[in-house]
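Quick look at my_file27.cif (mmCIF, C-alpha atoms; chains and numbers go by the auth columns):
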data_entry
loop_
_atom_site.group_PDB
_atom_site.id
_atom_site.type_symbol
_atom_site.label_atom_id
_atom_site.label_comp_id
_atom_site.label_asym_id
_atom_site.label_seq_id
_atom_site.Cartn_x
_atom_site.Cartn_y
_atom_site.Cartn_z
_atom_site.B_iso_or_equiv
_atom_site.auth_seq_id
_atom_site.auth_asym_id
ATOM 1 C CA ILE A 1 54.210 -36.286 44.576 0.00 263 A
ATOM 2 C CA ALA A 2 56.453 -33.460 45.656 0.00 264 A
ATOM 3 C CA PRO A 3 56.557 -30.362 43.457 0.00 265 A
ATOM 4 C CA THR A 4 59.734 -29.658 41.518 0.00 266 A
ATOM 5 C CA SER A 5 62.001 -26.760 42.357 0.00 267 A
ATOM 6 C CA ALA A 6 60.603 -24.824 39.394 0.00 268 A
ATOM 7 C CA GLU A 7 57.021 -25.480 40.512 0.00 269 A
ATOM 8 C CA ARG A 8 57.786 -24.241 44.045 0.00 270 A
ATOM 9 C CA SER A 9 59.453 -21.144 42.633 0.00 271 A
ATOM 10 C CA ASN A 10 56.533 -20.495 40.289 0.00 272 A
ATOM 11 C CA LEU A 11 54.035 -20.867 43.135 0.00 273 A
ATOM 12 C CA ALA A 12 55.866 -18.301 45.238 0.00 274 A
ATOM 13 C CA THR A 13 55.970 -15.926 42.276 0.00 275 A
ATOM 14 C CA VAL A 14 52.249 -16.355 41.540 0.00 276 A
ATOM 15 C CA LEU A 15 51.386 -15.767 45.202 0.00 277 A
ATOM 16 C CA LYS A 16 53.439 -12.554 45.096 0.00 278 A
ATOM 17 C CA SER A 17 50.952 -11.173 42.574 0.00 279 A
ATOM 18 C CA VAL A 18 48.139 -11.142 45.158 0.00 280 A
ATOM 19 C CA VAL A 19 47.327 -7.505 45.905 0.00 281 A
ATOM 20 C CA GLY A 20 48.145 -6.644 49.506 0.00 282 A
ATOM 21 C CA TRP A 21 50.640 -9.470 50.028 0.00 283 A
ATOM 22 C CA GLU A 22 54.140 -8.094 50.494 0.00 284 A
ATOM 23 C CA VAL A 23 55.945 -11.377 51.233 0.00 285 A
ATOM 24 C CA THR A 24 55.030 -14.841 50.008 0.00 286 A
ATOM 25 C CA VAL A 25 56.285 -18.213 51.152 0.00 287 A
ATOM 26 C CA ALA A 26 55.823 -21.586 49.494 0.00 288 A
ATOM 27 C CA LEU A 27 56.603 -24.666 51.591 0.00 289 A
ATOM 28 C CA ALA A 28 56.949 -28.190 50.219 0.00 290 A
ATOM 29 C CA GLU A 29 57.792 -31.271 52.233 0.00 291 A
ATOM 30 C CA VAL A 30 60.006 -33.107 49.732 0.00 292 A
ATOM 31 C CA ALA A 31 60.962 -35.945 52.089 0.00 293 A
ATOM 32 C CA PRO A 32 60.268 -36.806 55.714 0.00 294 A
ATOM 33 C CA ASN A 33 61.611 -33.945 57.824 0.00 295 A
ATOM 34 C CA GLN A 34 62.842 -32.003 54.797 0.00 296 A
ATOM 35 C CA VAL A 35 60.946 -28.879 53.747 0.00 297 A
ATOM 36 C CA LYS A 36 61.933 -26.668 50.821 0.00 298 A
ATOM 37 C CA VAL A 37 61.075 -22.998 51.344 0.00 299 A
ATOM 38 C CA SER A 38 60.704 -20.466 48.533 0.00 300 A
ATOM 39 C CA LEU A 39 60.380 -16.788 49.475 0.00 301 A
ATOM 40 C CA ARG A 40 59.413 -13.802 47.334 0.00 302 A
ATOM 41 C CA THR A 41 58.671 -10.125 48.016 0.00 303 A
ATOM 42 C CA ARG A 42 57.081 -7.286 46.093 0.00 304 A
ATOM 43 C CA ASP A 43 59.217 -4.690 47.883 0.00 305 A
ATOM 44 C CA GLN A 44 62.831 -5.762 48.291 0.00 306 A
ATOM 45 C CA ASN A 45 63.701 -2.443 49.933 0.00 307 A
ATOM 46 C CA LYS A 46 61.268 -3.123 52.765 0.00 308 A
ATOM 47 C CA TYR A 47 61.553 -6.922 53.027 0.00 309 A
ATOM 48 C CA ASP A 48 64.850 -8.642 52.239 0.00 310 A
ATOM 49 C CA VAL A 49 63.780 -12.269 51.835 0.00 311 A
ATOM 50 C CA GLY A 50 67.436 -13.155 51.246 0.00 312 A
ATOM 51 C CA ALA A 51 68.073 -12.232 54.883 0.00 313 A
ATOM 52 C CA VAL A 52 65.154 -14.432 55.935 0.00 314 A
ATOM 53 C CA ALA A 53 66.561 -17.323 53.897 0.00 315 A
ATOM 54 C CA VAL A 54 70.032 -16.869 55.400 0.00 316 A
ATOM 55 C CA ALA A 55 68.522 -16.932 58.905 0.00 317 A
ATOM 56 C CA LEU A 56 66.879 -20.236 57.926 0.00 318 A
ATOM 57 C CA GLY A 57 70.149 -21.694 56.618 0.00 319 A
ATOM 58 C CA GLY A 58 69.586 -20.875 52.941 0.00 320 A
ATOM 59 C CA GLY A 59 70.327 -17.956 50.667 0.00 321 A
ATOM 60 C CA GLY A 60 69.308 -15.955 47.651 0.00 322 A
ATOM 61 C CA HIS A 61 68.607 -12.387 46.691 0.00 323 A
ATOM 62 C CA LYS A 62 66.670 -9.558 48.318 0.00 324 A
ATOM 63 C CA ALA A 63 63.550 -10.255 46.209 0.00 325 A
ATOM 64 C CA ALA A 64 63.770 -14.046 45.798 0.00 326 A
ATOM 65 C CA ALA A 65 65.382 -16.624 48.044 0.00 327 A
ATOM 66 C CA GLY A 66 65.030 -20.100 49.493 0.00 328 A
ATOM 67 C CA ALA A 67 66.119 -22.582 52.105 0.00 329 A
ATOM 68 C CA THR A 68 65.795 -26.206 53.125 0.00 330 A
ATOM 69 C CA ILE A 69 64.628 -26.857 56.676 0.00 331 A
ATOM 70 C CA LYS A 70 65.189 -30.284 58.202 0.00 332 A
ATOM 71 C CA LEU A 71 62.017 -30.434 60.280 0.00 333 A
ATOM 72 C CA PRO A 72 58.467 -31.748 59.826 0.00 334 A
ATOM 73 C CA LEU A 73 56.263 -29.407 57.776 0.00 335 A
ATOM 74 C CA ALA A 74 54.340 -27.949 60.736 0.00 336 A
ATOM 75 C CA GLU A 75 57.544 -27.150 62.630 0.00 337 A
ATOM 76 C CA ALA A 76 59.193 -25.709 59.521 0.00 338 A
ATOM 77 C CA LYS A 77 56.186 -23.444 58.961 0.00 339 A
ATOM 78 C CA LYS A 78 56.415 -22.254 62.568 0.00 340 A
ATOM 79 C CA ARG A 79 60.143 -21.547 62.165 0.00 341 A
ATOM 80 C CA VAL A 80 59.566 -19.511 58.987 0.00 342 A
ATOM 81 C CA VAL A 81 56.834 -17.410 60.612 0.00 343 A
ATOM 82 C CA GLU A 82 58.973 -16.861 63.730 0.00 344 A
ATOM 83 C CA THR A 83 61.963 -15.811 61.611 0.00 345 A
ATOM 84 C CA ILE A 84 59.980 -13.315 59.522 0.00 346 A
ATOM 85 C CA THR A 85 58.337 -11.931 62.670 0.00 347 A
ATOM 86 C CA LYS A 86 61.691 -11.564 64.436 0.00 348 A
ATOM 87 C CA LEU A 87 63.293 -9.770 61.491 0.00 349 A
ATOM 88 C CA TYR A 88 60.430 -7.458 60.500 0.00 350 A
ATOM 89 C CA PHE A 89 57.793 -7.044 63.200 0.00 351 A
#

Represent the structure contained in this file as structure tokens.
Amino acid sequence: IAPTSAERSNLATVLKSVVGWEVTVALAEVAPNQVKVSLRTRDQNKYDVGAVAVALGGGGHKAAAGATIKLPLAEAKKRVVETITKLYF
């Protein structure tokens, strides 16, 4: 059973509370080759997750954003990591 949009959002928000984690990402494969991505940050001035989401074909705000990636879960995860790395490291 795939998590609902609210559950994915809540997971990303809960993960953001982990001390030392500046950016959190929740991935959920909601259908074959369709992965919903929820992004959150503790420091929107340092990490604009809205920009990450836009680069992935989604949108949102500096502190909270999301996207849908039409790839298998493993490939979507790789794309998210590559995008964050390209933008911030």

**Message:** Between CA of Lys278 in chain A and CA of Arg341 in chain A, what distance in Å does the model show, to one decimal?
**Reply:** 20.4 Å

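Using all atoms listed in the file, the smallest distance between any of A:Thr286, A:Asn272, A:Thr345, A:Gln296 and Leu333 in chain A comes from A:Gln296.
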
**Request:** Place a sphere of radius 12 Å on (64.0, -7.5, 54.9) in the file coordinates and name every protein, DNA or RNA residue with an atom inside or on its surface, counting all atoms listed in the file; give the answer as a ChimeraX atom specification.
**Result:** /A:284-285,301-317,323-327,345-351

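From CA of Leu335 in chain A back to CA of Glu291 in chain A, the distance works out to 6.0 Å.
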
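Closest approach to Gly321 in chain A from the set A:Val276, A:Ala336, A:Val281, A:Val299 is made by A:Val299, with distances taken over all atoms listed in the file.
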
Padded axis-aligned box of range 286-305 of chain A (3 Å per side), centre and edge lengths, Å, one decimal, as JSON:
{"center_x": 58.9, "center_y": -20.7, "center_z": 52.0, "size_x": 13.8, "size_y": 38.1, "size_z": 17.7}

**Prompt:** Hey, what comes out of the PyMOL selection byres ((chain A and resi 298) around 12) on this file? Could you write it as a ChimeraX atom specification?
**Reply:** /A:264-271,274,287-297,299-301,315,318-320,327-335,338-339,342
